[in-house]
Amino acid sequence: MAGQGAPGPPLPVTRQVGARVRPLADAPVELRDAARRLVVDASGKAVPFGSLYRERKAIVVFVRHFLCYACKEYVEDLGKIPKTFLQDANVRLVVIGQSSHHHIKPFCTLTDYPHEMYVDPEREIYRTLGMKRGEASATTVQSPHVKSNLLSGSIKSMWRAMMSPAFDFQGDPAQQGGTLILGPGNEIHHVHLDQNRLDHVPINTVLQLAGVQAVNFANRSPIIDV
């Protein structure tokens with residue numbers, strides 16, 4: 001994180017903040033602003049973003065659009081985290097997209113994701129927290145949770161767009177996401193802002209930072225394309 005007294009730059013891109021904690025008075029203005037913004041659940045109910053981590057620690061994963069193949073495959077693996085692991089650590093897991101709330105239930109069904117999901121349809125929180133639009137062309141990392149290559153993944157995304165009731169990408173295709181570990185209150189434990197669609201923090205790294213038991217993804221069932 002930037003120094004405690006640093007004025008107003010966006011939250012930095014970082015792999016690990018460790019146990020750095022900021023109380024309310026010292027929280028970055030970006031987080032205080034974001035906390036007041038609204039997210040929407042699958043039923044259309046709006047709640048303040050800050051309420052997601054007010055009472056207990058939360059892993060908050062912002063994804064790109066819901067037709068993004070890399071997001072789909074990352075969320076599929078997030079869905080393999082047992083609820084008991086989160087409950088034992090008293091940690092919430094929240095995924096936030098940037099489409100209409102009507103797309104939440106179909107995306108959860110598609111990915112078999114059983115945890116909390118919301119949307120930020122106007123991307124207000126994405127912008128407030130400094131998440132990138134556009135995609136860095138080069139990266140030294142690749143998400144271990146993405147199984148498709150660029151060509152096959154893009155074809156799958158386009159096919160899903162064509163098969164949806166309204167041809168859309170369920171969000172801004174240029175928007176990147178990120179992962180934060182926040183709470184209780186305005187404590188900040190970890191911030192990572194994705195530079196491109198494959199720049200995910202490995203899930204077990206996130207779980208370790210949040211104090212949650214790791215998941216053995218090697219035992220997951222094989223994914224078969226039909």
# chains A, B, ... in the order shown; residues from 1 in each chain; ligands from 1

call {"tool": "closest_atom_pairs", "arguments": {"of": "region 29-58 of chain A", "to": "region 122-127 of chain A", "cutoff": "10 Å", "atoms": "only C-alpha atoms", "output": "JSON lines"}}
result
{"residue": "A:Glu30", "atom": "CA", "partner": "A:Ile125", "partner_atom": "CA", "distance": 9.0}
{"residue": "A:Leu31", "atom": "CA", "partner": "A:Ile125", "partner_atom": "CA", "distance": 9.0}
{"residue": "A:Asp33", "atom": "CA", "partner": "A:Ile125", "partner_atom": "CA", "distance": 8.5}
{"residue": "A:Ala34", "atom": "CA", "partner": "A:Ile125", "partner_atom": "CA", "distance": 5.4}
{"residue": "A:Ala35", "atom": "CA", "partner": "A:Ile125", "partner_atom": "CA", "distance": 8.4}
{"residue": "A:Arg36", "atom": "CA", "partner": "A:Ile125", "partner_atom": "CA", "distance": 9.3}
{"residue": "A:Arg37", "atom": "CA", "partner": "A:Ile125", "partner_atom": "CA", "distance": 6.7}
{"residue": "A:Leu38", "atom": "CA", "partner": "A:Ile125", "partner_atom": "CA", "distance": 8.3}
{"residue": "A:Val39", "atom": "CA", "partner": "A:Ile125", "partner_atom": "CA", "distance": 8.6}
{"residue": "A:Phe49", "atom": "CA", "partner": "A:Ile125", "partner_atom": "CA", "distance": 8.3}

call {"tool": "residues_around", "arguments": {"residues": "Glu116 (chain A)", "least_positions_apart": "5", "cutoff": "10 Å", "atoms": "only C-alpha atoms", "output": "list of chain:residue names"}}
result
A:Asp41, A:Ala42, A:Leu52, A:Val60, A:Arg92, A:Leu93, A:Val94, A:Val95, A:Ile96, A:Ile104, A:Cys108

call {"tool": "atom_distance", "arguments": {"atom1": "CA of Asp88 (chain A)", "atom2": "CA of Val191 (chain A)"}}
result
22.9 Å

call {"tool": "residues_around", "arguments": {"residues": "Leu209 (chain A)", "least_positions_apart": "3", "cutoff": "8 Å", "atoms": "only C-alpha atoms", "output": "ChimeraX atom specification"}}
result
/A:18,189-190,205-206,212

call {"tool": "residues_around", "arguments": {"residues": "region 73-77 of chain A", "least_positions_apart": "2", "cutoff": "7 Å", "atoms": "only C-alpha atoms", "output": "ChimeraX atom specification"}}
result
/A:69-71,79-80,111-113,145-146

call {"tool": "write_last_selection", "arguments": {"atoms": "all heavy atoms", "output": "mmCIF file, in the first residue's frame"}}
result
data_model
loop_
_atom_site.group_PDB
_atom_site.id
_atom_site.type_symbol
_atom_site.label_atom_id
_atom_site.label_comp_id
_atom_site.auth_asym_id
_atom_site.auth_seq_id
_atom_site.Cartn_x
_atom_site.Cartn_y
_atom_site.Cartn_z
ATOM 1 N N TYR A 69 -14.617 -15.574 -20.887
ATOM 2 C CA TYR A 69 -14.302 -16.976 -20.611
ATOM 3 C C TYR A 69 -13.360 -17.125 -19.428
ATOM 4 O O TYR A 69 -13.480 -18.068 -18.629
ATOM 5 C CB TYR A 69 -13.701 -17.647 -21.857
ATOM 6 C CG TYR A 69 -12.283 -17.220 -22.190
ATOM 7 C CD1 TYR A 69 -11.187 -17.922 -21.707
ATOM 8 C CD2 TYR A 69 -12.045 -16.099 -22.987
ATOM 9 C CE1 TYR A 69 -9.889 -17.530 -22.003
ATOM 10 C CE2 TYR A 69 -10.756 -15.696 -23.287
ATOM 11 C CZ TYR A 69 -9.690 -16.405 -22.793
ATOM 12 O OH TYR A 69 -8.412 -16.011 -23.081
ATOM 13 N N ALA A 70 -12.416 -16.188 -19.283
ATOM 14 C CA ALA A 70 -11.470 -16.271 -18.170
ATOM 15 C C ALA A 70 -12.187 -16.055 -16.838
ATOM 16 O O ALA A 70 -11.904 -16.739 -15.848
ATOM 17 C CB ALA A 70 -10.348 -15.247 -18.356
ATOM 18 N N CYS A 71 -13.132 -15.115 -16.811
ATOM 19 C CA CYS A 71 -13.908 -14.890 -15.589
ATOM 20 C C CYS A 71 -14.753 -16.108 -15.259
ATOM 21 O O CYS A 71 -14.852 -16.517 -14.097
ATOM 22 C CB CYS A 71 -14.812 -13.674 -15.755
ATOM 23 S SG CYS A 71 -13.915 -12.138 -16.021
ATOM 24 N N GLY A 79 -16.193 -21.313 -7.015
ATOM 25 C CA GLY A 79 -17.353 -22.077 -6.590
ATOM 26 C C GLY A 79 -17.012 -23.394 -5.925
ATOM 27 O O GLY A 79 -17.870 -23.999 -5.273
ATOM 28 N N LYS A 80 -15.764 -23.836 -6.084
ATOM 29 C CA LYS A 80 -15.332 -25.088 -5.458
ATOM 30 C C LYS A 80 -14.859 -24.901 -4.016
ATOM 31 O O LYS A 80 -14.495 -25.868 -3.350
ATOM 32 C CB LYS A 80 -14.231 -25.724 -6.307
ATOM 33 C CG LYS A 80 -14.709 -26.178 -7.689
ATOM 34 C CD LYS A 80 -13.569 -26.767 -8.501
ATOM 35 C CE LYS A 80 -14.084 -27.392 -9.793
ATOM 36 N NZ LYS A 80 -14.603 -26.400 -10.733
ATOM 37 N N THR A 111 -21.753 -21.444 -13.758
ATOM 38 C CA THR A 111 -20.458 -21.702 -13.118
ATOM 39 C C THR A 111 -20.565 -22.589 -11.884
ATOM 40 O O THR A 111 -19.544 -22.937 -11.291
ATOM 41 C CB THR A 111 -19.810 -20.371 -12.700
ATOM 42 O OG1 THR A 111 -20.714 -19.652 -11.847
ATOM 43 C CG2 THR A 111 -19.483 -19.516 -13.921
ATOM 44 N N ASP A 112 -21.787 -22.935 -11.492
ATOM 45 C CA ASP A 112 -22.013 -23.710 -10.266
ATOM 46 C C ASP A 112 -21.426 -22.987 -9.060
ATOM 47 O O ASP A 112 -20.847 -23.600 -8.161
ATOM 48 C CB ASP A 112 -21.419 -25.119 -10.400
ATOM 49 C CG ASP A 112 -22.046 -26.104 -9.420
ATOM 50 O OD1 ASP A 112 -23.177 -25.853 -8.966
ATOM 51 O OD2 ASP A 112 -21.405 -27.126 -9.090
ATOM 52 N N TYR A 113 -21.602 -21.683 -9.038
ATOM 53 C CA TYR A 113 -21.067 -20.831 -7.971
ATOM 54 C C TYR A 113 -22.136 -20.637 -6.907
ATOM 55 O O TYR A 113 -23.200 -20.075 -7.202
ATOM 56 C CB TYR A 113 -20.631 -19.490 -8.558
ATOM 57 C CG TYR A 113 -20.181 -18.470 -7.531
ATOM 58 C CD1 TYR A 113 -18.890 -18.481 -7.029
ATOM 59 C CD2 TYR A 113 -21.062 -17.494 -7.064
ATOM 60 C CE1 TYR A 113 -18.481 -17.539 -6.085
ATOM 61 C CE2 TYR A 113 -20.656 -16.557 -6.128
ATOM 62 C CZ TYR A 113 -19.362 -16.579 -5.637
ATOM 63 O OH TYR A 113 -18.969 -15.665 -4.704
ATOM 64 N N HIS A 145 -6.203 -20.854 -13.093
ATOM 65 C CA HIS A 145 -7.590 -21.302 -13.078
ATOM 66 C C HIS A 145 -8.264 -21.194 -14.440
ATOM 67 O O HIS A 145 -9.422 -21.591 -14.585
ATOM 68 C CB HIS A 145 -8.371 -20.489 -12.042
ATOM 69 C CG HIS A 145 -7.779 -20.576 -10.673
ATOM 70 N ND1 HIS A 145 -7.924 -21.676 -9.864
ATOM 71 C CD2 HIS A 145 -6.978 -19.711 -9.987
ATOM 72 C CE1 HIS A 145 -7.266 -21.478 -8.728
ATOM 73 N NE2 HIS A 145 -6.681 -20.298 -8.788
ATOM 74 N N VAL A 146 -7.555 -20.670 -15.430
ATOM 75 C CA VAL A 146 -8.117 -20.535 -16.770
ATOM 76 C C VAL A 146 -7.604 -21.675 -17.631
ATOM 77 O O VAL A 146 -6.395 -21.829 -17.826
ATOM 78 C CB VAL A 146 -7.759 -19.168 -17.395
ATOM 79 C CG1 VAL A 146 -8.281 -19.077 -18.819
ATOM 80 C CG2 VAL A 146 -8.333 -18.038 -16.548
#

call {"tool": "residues_around", "arguments": {"residues": "Thr179 (chain A)", "least_positions_apart": "5", "cutoff": "8 Å", "atoms": "only C-alpha atoms", "output": "list of chain:residue names"}}
result
A:Ile59, A:Val60, A:Val61, A:Phe62, A:His190, A:Val191, A:His192, A:Leu193, A:Asp194, A:Val201

call {"tool": "closest_residue", "arguments": {"among": "A:Gly177, A:Gly50, A:Gly44, A:Pro144", "to": "Arg32 (chain A)", "atoms": "only C-alpha atoms"}}
result
A:Gly50

call {"tool": "atom_distance", "arguments": {"atom1": "CA of His103 (chain A)", "atom2": "CA of Asp120 (chain A)"}}
result
11.9 Å

call {"tool": "atom_distance", "arguments": {"atom1": "CA of Leu110 (chain A)", "atom2": "CA of Arg133 (chain A)"}}
result
25.5 Å

call {"tool": "residues_around", "arguments": {"residues": "Val215 (chain A)", "least_positions_apart": "3", "cutoff": "10 Å", "atoms": "only C-alpha atoms", "output": "JSON list (two decimals) with N, CA and C atoms, in the first residue's frame"}}
result
[["chain", "number", "residue", "atom", "x", "y", "z"],
["A", 77, "ASP", "N", -13.86, -22.08, -10.33],
["A", 77, "ASP", "CA", -12.99, -22.56, -9.26],
["A", 77, "ASP", "C", -13.31, -21.90, -7.93],
["A", 78, "LEU", "N", -13.71, -20.63, -7.93],
["A", 78, "LEU", "CA", -14.18, -20.01, -6.69],
["A", 78, "LEU", "C", -15.37, -20.78, -6.13],
["A", 80, "LYS", "N", -15.76, -23.84, -6.08],
["A", 80, "LYS", "CA", -15.33, -25.09, -5.46],
["A", 80, "LYS", "C", -14.86, -24.90, -4.02],
["A", 81, "ILE", "N", -14.82, -23.66, -3.54],
["A", 81, "ILE", "CA", -14.45, -23.41, -2.15],
["A", 81, "ILE", "C", -15.62, -23.83, -1.27],
["A", 82, "PRO", "N", -15.43, -24.80, -0.38],
["A", 82, "PRO", "CA", -16.55, -25.24, 0.47],
["A", 82, "PRO", "C", -17.03, -24.11, 1.38],
["A", 85, "PHE", "N", -15.35, -24.00, 4.79],
["A", 85, "PHE", "CA", -14.04, -23.36, 4.91],
["A", 85, "PHE", "C", -14.21, -21.88, 5.25],
["A", 203, "ILE", "N", -6.25, -18.56, -6.35],
["A", 203, "ILE", "CA", -7.28, -18.60, -5.32],
["A", 203, "ILE", "C", -6.71, -19.02, -3.97],
["A", 204, "ASN", "N", -5.83, -20.00, -3.96],
["A", 204, "ASN", "CA", -5.28, -20.43, -2.67],
["A", 204, "ASN", "C", -4.40, -19.35, -2.03],
["A", 207, "LEU", "N", -6.99, -17.20, -0.36],
["A", 207, "LEU", "CA", -7.50, -17.87, 0.83],
["A", 207, "LEU", "C", -6.50, -17.80, 1.97],
["A", 212, "VAL", "N", -8.20, -18.52, 5.35],
["A", 212, "VAL", "CA", -9.13, -19.59, 4.99],
["A", 212, "VAL", "C", -8.34, -20.80, 4.52],
["A", 218, "ALA", "N", -6.52, -29.92, -7.53],
["A", 218, "ALA", "CA", -6.07, -31.06, -8.33],
["A", 218, "ALA", "C", -7.10, -32.17, -8.35],
["A", 219, "ASN", "N", -7.98, -32.20, -7.35],
["A", 219, "ASN", "CA", -8.99, -33.25, -7.28],
["A", 219, "ASN", "C", -10.31, -32.88, -7.93],
["A", 220, "ARG", "N", -10.33, -31.70, -8.59],
["A", 220, "ARG", "CA", -11.58, -31.29, -9.21],
["A", 220, "ARG", "C", -11.88, -32.19, -10.40]]
